[in-house]
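Text of run_13.csv (CSV, C-alpha atoms) as supplied:
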```
chain,number,residue,atom,x,y,z
A,17,ALA,CA,48.2,82.8,40.8
A,18,CYS,CA,47.7,79.1,39.7
A,19,LEU,CA,43.9,79.6,39.6
A,20,TYR,CA,44.4,82.7,37.5
A,21,ILE,CA,46.6,80.9,35.0
A,22,ALA,CA,44.2,78.0,34.9
A,23,SER,CA,41.3,80.4,34.2
A,24,SER,CA,43.4,82.1,31.5
A,25,LEU,CA,44.0,78.8,29.8
A,26,VAL,CA,40.3,78.1,29.8
A,27,SER,CA,39.6,81.5,28.3
A,28,THR,CA,42.3,80.7,25.6
A,29,PHE,CA,40.5,77.5,24.8
A,30,VAL,CA,37.3,79.3,24.0
A,31,SER,CA,39.0,82.4,22.5
A,32,VAL,CA,37.8,84.0,19.3
A,33,ALA,CA,41.5,84.3,18.3
A,34,PRO,CA,43.2,81.2,19.8
A,35,MET,CA,46.7,81.8,18.5
A,36,VAL,CA,46.7,85.4,19.7
A,37,SER,CA,45.4,84.3,23.1
A,38,ILE,CA,48.1,81.5,23.4
A,39,TYR,CA,50.8,84.1,22.8
A,40,ALA,CA,49.1,86.5,25.3
A,41,VAL,CA,48.9,83.9,28.1
A,42,PHE,CA,52.4,82.6,27.8
A,43,GLY,CA,54.1,85.7,26.6
A,44,ARG,CA,52.3,88.6,28.3
A,45,GLU,CA,50.6,87.1,31.4
A,46,ILE,CA,53.2,84.5,32.5
A,47,LEU,CA,56.5,85.6,31.1
A,48,GLU,CA,56.2,89.4,31.1
A,49,GLN,CA,54.3,89.8,34.4
A,50,LEU,CA,54.1,86.8,36.8
A,51,LEU,CA,57.6,85.5,35.9
A,52,PHE,CA,59.1,88.9,36.5
A,53,PHE,CA,57.3,89.1,39.9
A,54,TYR,CA,58.8,85.8,41.1
A,55,LEU,CA,62.2,86.6,39.7
A,56,PHE,CA,62.2,89.9,41.5
A,57,LEU,CA,61.0,88.3,44.7
A,58,TYR,CA,64.0,85.8,44.4
A,59,PHE,CA,66.7,88.3,43.4
A,60,LEU,CA,65.7,90.9,46.0
A,61,GLN,CA,67.3,88.5,48.5
A,62,VAL,CA,70.7,88.9,46.8
A,63,PRO,CA,72.9,91.5,48.5
A,64,GLY,CA,73.4,94.6,46.2
A,65,PHE,CA,70.7,93.6,43.6
A,66,TRP,CA,68.1,96.1,44.8
A,67,ARG,CA,70.5,99.0,44.9
A,68,SER,CA,71.9,98.2,41.4
A,69,LEU,CA,68.4,97.8,40.0
A,70,ARG,CA,67.3,101.2,41.6
A,71,ASN,CA,70.4,103.0,40.1
A,72,ALA,CA,69.7,101.6,36.7
A,73,LEU,CA,66.0,102.5,36.9
A,74,TYR,CA,66.9,106.1,38.1
A,75,PHE,CA,69.4,106.6,35.3
A,76,ALA,CA,66.9,105.4,32.7
A,77,THR,CA,64.2,107.7,34.2
A,78,PHE,CA,66.5,110.7,34.1
A,79,ILE,CA,67.3,110.1,30.4
A,80,THR,CA,63.6,110.0,29.6
A,81,CYS,CA,63.1,113.3,31.5
A,82,LEU,CA,65.8,115.0,29.4
A,83,LEU,CA,64.2,113.7,26.2
A,84,ALA,CA,60.8,115.0,27.4
A,85,TYR,CA,62.3,118.4,28.0
A,86,ALA,CA,63.9,118.4,24.5
A,87,GLU,CA,60.5,117.3,23.0
A,88,VAL,CA,58.7,120.2,24.6
A,89,TYR,CA,61.4,122.7,23.6
A,90,ALA,CA,61.6,121.5,20.0
A,91,GLY,CA,57.8,121.0,19.6
A,92,THR,CA,58.3,117.5,18.2
A,93,ASN,CA,59.5,114.0,19.0
A,94,PRO,CA,62.0,112.3,16.7
A,95,LEU,CA,60.8,108.9,17.7
A,96,ILE,CA,57.3,109.4,16.3
A,97,PRO,CA,58.1,107.8,13.0
A,98,PHE,CA,59.1,104.6,14.8
A,99,ILE,CA,56.0,104.4,17.0
A,100,PRO,CA,53.0,102.5,15.4
A,101,ASP,CA,50.2,105.0,14.7
A,102,GLY,CA,52.3,107.6,16.4
A,103,TRP,CA,51.3,111.3,16.4
A,104,LEU,CA,52.0,114.5,18.3
A,105,ASP,CA,49.3,114.6,21.0
A,106,PHE,CA,47.9,118.0,22.1
A,107,ARG,CA,45.5,118.7,24.9
A,108,ALA,CA,44.0,122.2,25.4
A,109,GLY,CA,46.5,123.4,22.8
A,110,ILE,CA,49.5,122.1,24.8
A,111,LEU,CA,51.9,119.5,23.4
A,112,ARG,CA,51.9,116.4,25.6
A,113,ALA,CA,55.4,115.0,26.2
A,114,ARG,CA,55.7,111.2,25.7
A,115,SER,CA,59.6,110.9,25.7
A,116,THR,CA,60.4,107.3,24.7
A,117,PHE,CA,56.9,105.9,25.4
A,118,PHE,CA,54.1,105.2,22.9
A,119,HIS,CA,51.7,107.7,24.6
A,120,PRO,CA,52.0,110.6,27.1
A,121,ILE,CA,49.8,108.9,29.7
A,122,ALA,CA,52.0,105.8,29.6
A,123,TYR,CA,55.0,108.0,30.3
A,124,ALA,CA,53.1,109.6,33.2
A,125,CYS,CA,52.3,106.2,34.6
A,126,PHE,CA,56.0,105.2,34.4
A,127,LEU,CA,57.0,108.3,36.3
A,128,ASN,CA,54.3,107.7,39.0
A,129,LEU,CA,55.7,104.2,39.6
A,130,VAL,CA,59.3,105.4,40.0
A,131,PHE,CA,58.8,108.6,42.0
A,132,PRO,CA,57.9,107.0,45.4
A,133,PHE,CA,61.2,105.0,45.3
A,134,VAL,CA,63.2,108.2,44.6
A,135,VAL,CA,61.5,109.9,47.6
A,136,VAL,CA,62.2,107.1,50.0
A,137,ASP,CA,65.8,106.7,48.7
A,138,PHE,CA,66.3,110.4,49.4
A,139,LEU,CA,65.0,110.0,52.9
A,140,ASN,CA,67.0,106.9,53.7
A,141,THR,CA,70.4,107.9,52.3
A,142,ARG,CA,73.0,109.6,54.5
A,143,ARG,CA,75.4,110.5,51.7
A,144,ASN,CA,75.1,114.2,50.7
A,145,GLU,CA,76.1,113.7,47.1
A,146,ARG,CA,73.5,111.0,46.6
A,147,ARG,CA,70.9,113.1,48.3
A,148,VAL,CA,71.6,116.0,45.8
A,149,ALA,CA,71.4,113.6,42.9
A,150,LEU,CA,68.1,112.1,44.1
A,151,ALA,CA,66.6,115.6,44.7
A,152,VAL,CA,67.5,116.6,41.2
A,153,LEU,CA,65.9,113.4,39.8
A,154,GLY,CA,62.8,113.9,41.9
A,155,ILE,CA,62.3,117.5,40.6
A,156,ALA,CA,63.0,116.3,37.1
A,157,ILE,CA,60.3,113.6,37.4
A,158,LEU,CA,57.8,116.2,38.7
A,159,VAL,CA,58.5,118.6,35.8
A,160,ALA,CA,58.4,115.8,33.2
A,161,ALA,CA,55.0,114.6,34.7
A,162,LEU,CA,53.7,118.1,34.3
A,163,PHE,CA,54.7,118.1,30.6
A,164,THR,CA,52.7,115.0,29.9
A,165,VAL,CA,49.5,116.9,30.5
A,166,SER,CA,47.9,113.7,31.8
A,167,ARG,CA,45.2,114.6,34.3
A,168,ALA,CA,44.5,111.3,36.1
A,169,PRO,CA,48.2,110.6,36.7
A,170,TRP,CA,48.6,114.2,38.0
A,171,ILE,CA,45.9,113.6,40.5
A,172,ILE,CA,47.3,110.2,41.5
A,173,LEU,CA,50.9,111.7,41.8
A,174,ALA,CA,49.5,114.3,44.2
A,175,LEU,CA,47.9,111.5,46.2
A,176,GLU,CA,51.2,109.7,46.3
A,177,VAL,CA,53.1,112.8,47.6
A,178,ALA,CA,50.4,113.4,50.2
A,179,GLY,CA,50.5,109.7,51.3
A,180,LEU,CA,54.3,109.7,51.6
A,181,VAL,CA,54.4,113.0,53.5
A,182,LEU,CA,51.6,112.0,55.9
A,183,TRP,CA,53.3,108.7,56.6
A,184,GLU,CA,56.6,110.5,57.6
A,185,CYS,CA,54.7,113.0,59.8
A,186,ARG,CA,52.3,110.5,61.4
A,187,ARG,CA,54.0,110.7,64.9
A,188,ASP,CA,54.5,114.4,65.0
A,189,LEU,CA,51.2,116.3,65.4
A,190,ARG,CA,52.7,119.7,64.8
A,191,ARG,CA,54.3,118.6,61.5
A,192,MET,CA,51.1,116.8,60.6
A,193,ALA,CA,49.0,120.0,61.3
A,194,PHE,CA,51.5,122.0,59.2
A,195,ILE,CA,51.3,119.6,56.3
A,196,VAL,CA,47.5,119.4,56.4
A,197,THR,CA,47.4,123.2,56.3
A,198,LEU,CA,49.7,123.3,53.3
A,199,GLY,CA,47.5,120.7,51.7
A,200,CYS,CA,44.4,122.8,52.2
A,201,ILE,CA,46.2,125.9,50.8
A,202,ALA,CA,47.3,123.8,47.7
A,203,VAL,CA,43.7,122.6,47.2
A,204,GLY,CA,42.4,126.1,47.6
A,205,ALA,CA,45.0,127.4,45.1
A,206,ALA,CA,44.0,124.6,42.6
A,207,PHE,CA,40.3,125.5,43.0
A,208,LEU,CA,41.0,129.2,42.4
A,209,SER,CA,43.1,128.4,39.4
A,210,TYR,CA,40.2,126.3,38.0
A,211,GLN,CA,37.8,129.3,38.5
A,212,LEU,CA,40.1,131.9,36.9
A,213,ASN,CA,42.1,130.1,34.2
A,214,GLU,CA,40.4,128.9,31.1
A,215,THR,CA,43.0,126.3,30.2
A,216,VAL,CA,42.7,124.7,33.6
A,217,GLN,CA,38.9,124.7,33.2
A,218,ASP,CA,39.2,122.9,29.8
A,219,LEU,CA,41.5,120.3,31.3
A,220,PHE,CA,39.5,119.4,34.4
A,221,GLU,CA,35.9,120.2,33.4
A,222,PRO,CA,35.1,116.5,32.8
A,223,PHE,CA,36.2,115.7,36.3
A,224,ILE,CA,34.4,118.6,38.0
A,225,ASN,CA,31.2,118.4,36.0
A,226,PRO,CA,30.7,114.9,34.5
A,227,SER,CA,27.2,115.9,33.3
A,228,LYS,CA,28.9,118.3,30.8
A,229,VAL,CA,31.1,115.7,29.2
A,230,GLU,CA,31.2,116.2,25.5
A,231,GLU,CA,30.6,113.3,23.1
A,232,GLY,CA,34.0,113.7,21.5
A,233,SER,CA,35.9,113.5,24.9
A,234,THR,CA,38.0,110.6,26.1
A,235,GLU,CA,35.7,110.4,29.2
A,236,TYR,CA,32.6,109.8,27.1
A,237,TYR,CA,34.6,107.3,25.0
A,238,ARG,CA,35.3,105.2,28.2
A,239,VAL,CA,31.7,105.2,29.1
A,240,VAL,CA,30.6,104.1,25.6
A,241,VAL,CA,33.3,101.3,25.7
A,242,PHE,CA,32.2,99.9,29.0
A,243,GLU,CA,28.6,99.9,27.9
A,244,ALA,CA,29.5,98.1,24.7
A,245,VAL,CA,31.7,95.5,26.6
A,246,TRP,CA,28.9,94.9,29.1
A,247,GLU,CA,26.4,94.3,26.3
A,248,ARG,CA,28.7,91.8,24.5
A,249,VAL,CA,29.4,89.7,27.6
A,250,GLN,CA,25.7,89.2,28.5
A,251,SER,CA,25.9,85.6,27.3
A,252,ALA,CA,27.8,82.4,28.1
A,253,ARG,CA,30.9,84.5,27.6
A,254,ILE,CA,30.3,86.2,30.9
A,255,PHE,CA,32.3,83.4,32.7
A,256,PHE,CA,35.5,83.1,30.6
A,257,GLY,CA,35.3,86.0,28.2
A,258,TYR,CA,36.4,86.1,24.6
A,259,GLY,CA,40.1,85.2,25.2
A,260,PRO,CA,43.3,86.9,26.3
A,261,ASN,CA,44.3,89.8,24.0
A,262,ALA,CA,41.2,89.2,21.8
A,263,PHE,CA,39.8,92.6,22.4
A,264,ASN,CA,41.1,93.8,19.0
A,265,TYR,CA,39.6,90.8,17.2
A,266,ALA,CA,36.1,90.8,18.5
A,267,ASP,CA,34.7,93.6,16.3
A,268,ILE,CA,33.2,95.7,19.1
A,269,GLU,CA,31.2,98.5,17.5
A,270,VAL,CA,30.4,101.8,19.3
A,271,THR,CA,28.9,105.1,18.2
A,272,TYR,CA,31.3,107.8,19.3
A,273,ASN,CA,31.4,111.4,18.2
A,274,ASN,CA,28.6,110.8,15.6
A,275,THR,CA,30.5,107.9,14.0
A,276,THR,CA,30.1,104.2,14.3
A,277,ARG,CA,33.4,102.5,14.5
A,278,ILE,CA,35.1,99.2,15.6
A,279,ILE,CA,37.2,100.0,18.7
A,280,GLN,CA,40.7,98.7,19.1
A,281,GLU,CA,41.7,100.0,22.5
A,282,PRO,CA,39.4,100.1,25.6
A,283,ASP,CA,41.1,102.9,27.5
A,284,LEU,CA,39.7,101.2,30.6
A,285,HIS,CA,41.7,98.2,31.8
A,286,TYR,CA,39.0,96.6,33.9
A,287,ALA,CA,36.5,96.6,31.0
A,288,ARG,CA,39.2,94.9,29.0
A,289,ILE,CA,39.9,92.1,31.4
A,290,LEU,CA,36.1,91.5,31.9
A,291,PHE,CA,35.8,91.2,28.1
A,292,GLU,CA,38.9,89.0,27.6
A,293,PHE,CA,38.9,86.8,30.8
A,294,GLY,CA,35.2,87.0,31.8
A,295,ALA,CA,33.9,87.4,35.3
A,296,ILE,CA,35.9,84.4,36.7
A,297,GLY,CA,39.3,85.4,35.3
A,298,SER,CA,38.9,89.1,36.0
A,299,GLY,CA,37.8,88.3,39.5
A,300,LEU,CA,40.9,86.2,40.1
A,301,ILE,CA,43.1,88.9,38.7
A,302,LEU,CA,41.7,91.5,41.1
A,303,LEU,CA,41.9,89.0,44.0
A,304,LEU,CA,45.5,88.4,43.2
A,305,ILE,CA,46.3,92.1,43.2
A,306,PHE,CA,44.3,93.0,46.4
A,307,ARG,CA,45.7,90.0,48.3
A,308,GLY,CA,49.2,91.3,47.4
A,309,ILE,CA,48.3,94.7,48.7
A,310,GLY,CA,46.9,93.2,51.9
A,311,ARG,CA,50.0,91.2,52.4
A,312,GLY,CA,52.1,94.3,51.9
A,313,VAL,CA,50.1,96.1,54.6
A,314,HIS,CA,50.7,93.1,56.8
A,315,ASN,CA,54.5,93.3,56.2
A,316,LEU,CA,54.3,97.0,56.9
A,317,ARG,CA,52.9,96.5,60.4
A,318,ARG,CA,55.6,94.2,61.5
A,319,SER,CA,58.6,95.7,59.8
A,320,GLU,CA,61.2,98.0,61.2
A,321,PRO,CA,61.2,101.7,60.3
A,322,GLU,CA,63.9,101.4,57.6
A,323,GLN,CA,61.9,98.6,56.0
A,324,GLN,CA,58.5,100.4,56.3
A,325,ARG,CA,59.6,103.2,54.0
A,326,TRP,CA,60.3,100.9,51.1
A,327,ILE,CA,57.1,99.1,51.6
A,328,ILE,CA,55.1,102.4,51.7
A,329,ALA,CA,56.9,103.5,48.4
A,330,ALA,CA,56.1,100.1,46.8
A,331,LEU,CA,52.4,100.2,47.9
A,332,ALA,CA,52.1,103.8,46.7
A,333,GLY,CA,53.2,102.7,43.3
A,334,VAL,CA,51.0,99.6,43.3
A,335,VAL,CA,47.8,101.5,44.4
A,336,SER,CA,48.4,104.4,42.0
A,337,PHE,CA,48.8,102.0,39.1
A,338,VAL,CA,45.6,100.2,40.0
A,339,LEU,CA,43.7,103.5,40.2
A,340,VAL,CA,45.1,105.0,36.9
A,341,ASN,CA,44.0,101.9,35.0
A,342,PHE,CA,40.4,103.0,35.4
A,343,THR,CA,41.3,105.5,32.7
A,344,VAL,CA,43.8,103.5,30.7
A,345,SER,CA,44.8,99.9,30.0
A,346,MET,CA,48.5,99.7,30.9
A,347,PHE,CA,49.1,96.4,32.8
A,348,SER,CA,50.3,94.6,29.7
A,349,MET,CA,52.5,97.5,28.5
A,350,PHE,CA,56.3,97.0,28.9
A,351,PRO,CA,57.9,98.2,31.1
A,352,LEU,CA,54.9,99.4,33.1
A,353,GLY,CA,53.6,96.0,34.0
A,354,MET,CA,57.2,94.9,34.9
A,355,ILE,CA,57.7,97.9,37.3
A,356,PHE,CA,54.3,97.3,38.8
A,357,TRP,CA,55.2,93.7,39.7
A,358,LEU,CA,58.6,94.9,40.9
A,359,SER,CA,56.8,97.2,43.3
A,360,MET,CA,54.6,94.4,44.4
A,361,ALA,CA,57.6,92.2,45.0
A,362,VAL,CA,59.3,94.9,47.2
A,363,ALA,CA,56.1,95.2,49.2
A,364,LEU,CA,55.8,91.4,49.8
A,365,HIS,CA,59.5,90.7,50.3
A,366,GLU,CA,60.1,89.5,53.8
A,367,ALA,CA,63.6,90.3,55.0
A,368,PRO,CA,65.3,90.8,58.4
A,369,ALA,CA,66.6,94.3,59.1
A,370,GLY,CA,69.7,95.1,57.0
A,371,THR,CA,69.0,92.8,54.1
A,372,GLY,CA,67.1,92.8,50.8
A,373,PRO,CA,65.4,95.9,49.5
A,374,HIS,CA,64.9,97.1,53.0
A,375,ARG,CA,68.5,97.4,53.8
A,376,PRO,CA,69.4,100.7,55.4
A,377,GLU,CA,72.0,103.0,53.6
A,378,PRO,CA,75.5,102.5,54.8
A,379,VAL,CA,77.0,105.4,56.7
A,380,PRO,CA,80.2,106.9,55.0
A,381,ALA,CA,83.3,106.7,57.2
A,382,LYS,CA,83.6,110.5,57.4
A,383,ASN,CA,80.1,110.8,58.8
A,384,ARG,CA,80.2,107.9,61.3
A,385,ALA,CA,81.3,110.0,64.2
A,386,THR,CA,78.3,112.2,63.9
A,387,ALA,CA,75.7,109.7,62.6
```

Could I get this file's structure written as structure tokens?
Amino acid sequence: ACLYIASSLVSTFVSVAPMVSIYAVFGREILEQLLFFYLFLYFLQVPGFWRSLRNALYFATFITCLLAYAEVYAGTNPLIPFIPDGWLDFRAGILRARSTFFHPIAYACFLNLVFPFVVVDFLNTRRNERRVALAVLGIAILVAALFTVSRAPWIILALEVAGLVLWECRRDLRRMAFIVTLGCIAVGAAFLSYQLNETVQDLFEPFINPSKVEEGSTEYYRVVVFEAVWERVQSARIFFGYGPNAFNYADIEVTYNNTTRIIQEPDLHYARILFEFGAIGSGLILLLIFRGIGRGVHNLRRSEPEQQRWIIAALAGVVSFVLVNFTVSMFSMFPLGMIFWLSMAVALHEAPAGTGPHRPEPVPAKNRATA
């Protein structure tokens, strides 16, 4: 982390927009992300903090789900006038729900980060009323995610579900075989739907047949952006980049959909960090993240079963967010970056059984006789 901050400061020193980069380093990188991570890591040791934080996060998530349903039902979002450059987004003729977020895919990323915790909380709790509430929330998240019409988050959410289910069934070969069979049936149904449904074909054609990507598509745009970024960093800037948050100030021109324009958003996070931080800074960022994932896996291997579920949920959120940022640039977006680092803190938090975020759910008095 110290090497990454040092590299960011060097990138700021050579930035094409120094004041913007200074704010980005101290406001976005240090305060909004790394500081949150270390604060979470500290407060997760406080009894009751993790449970209170989860409940607040669940409540906020449920409210966003209700707003997403209202948005789809009404065909509009009353928050659009308050969102900079906000507009109603449609894909294949379907309105994409964004709830309180600036873009539907940002909302889908948020749901993907929260969902694994809801599943694990459902599995861990012994209180029936809480189980019912968590089941309702889990279903609400899945439906809201469907309404975002965000393909990459859909795929990653499916992988999250598959990973959590396989982890739970890993010691039971019969259940494992049953789950794998269900998974094969689901994949077959999805393939059949792709073959027979024109809307599904329109949505997933760029994933199935990349050679048929149209010039006006978002997939083509990401390819063009990466090519433009790679061309611009072929200089001394390759080492430390153009400066944190300087992407919008570097006048990167691309020809997209028969129009030459200056791009403002990369829609590809790893192209963005390469451009802004250079090879050294982006390498240190990725090293920081992957070392965190490796440490989480290490904690997973030596933790007790109650702890392992929380670590698996946290790692599922971390890995899913890393993957989805191949199609977006969301690490610096609040609260997505904050929840990502919360997940990382939960995965890295070392606590003895019965403490911290891995504390098992207390058994209600009326159920103790049968627990």

Please build the interface table for region 45-93 of chain A against region 17-25 of chain A with a cut-off of 10 Å, listing for each qualifying residue the nearest atom pair and the distance in Å to one decimal; count all atoms listed in the file, order rows by chain and increasing number, and write it as CSV.
```
residue,atom,partner,partner_atom,distance
A:Glu45,CA,A:Ile21,CA,8.2
A:Ile46,CA,A:Ile21,CA,7.9
A:Leu50,CA,A:Ala17,CA,8.2
```

Please report the interatomic distance between CA of Val240 (chain A) and CA of Phe356 (chain A) in Å with one decimal. 28.0 Å

Show me, as JSON lines, the residues of region 255-339 of chain A having an atom within 8 Å of region 174-198 of chain A, each with the closest atom pair and its distance in Å, using all atoms listed in the file.
```
{"residue": "A:Ile328", "atom": "CA", "partner": "A:Leu180", "partner_atom": "CA", "distance": 7.3}
{"residue": "A:Ala329", "atom": "CA", "partner": "A:Leu180", "partner_atom": "CA", "distance": 7.4}
{"residue": "A:Ala332", "atom": "CA", "partner": "A:Glu176", "partner_atom": "CA", "distance": 6.0}
{"residue": "A:Gly333", "atom": "CA", "partner": "A:Glu176", "partner_atom": "CA", "distance": 7.9}
{"residue": "A:Ser336", "atom": "CA", "partner": "A:Glu176", "partner_atom": "CA", "distance": 7.4}
```

Distance query Phe133 (chain A) at most 12 Å, all atoms listed in the file, self and fewer than 5 positions along chain excluded, as a ChimeraX atom specification: /A:66-67,69-71,73-74,77,127-128,138-141,150-151,153-154,157,176-177,180,325-334,355,358-359,362-363,373-374

Counting only C-alpha atoms, the option among A:Tyr210, A:Phe65, A:Phe78, A:Phe56 closest to Met360 (chain A): A:Phe56

Name the residues, using the chain letters and numbers of the file, that sit within 12 Å of (43.8, 99.2, 42.5) when counting all atoms listed in the file, and give them as a VMD selection string. chain A and resid 172 285 to 286 301 to 310 331 to 343 347 356 360
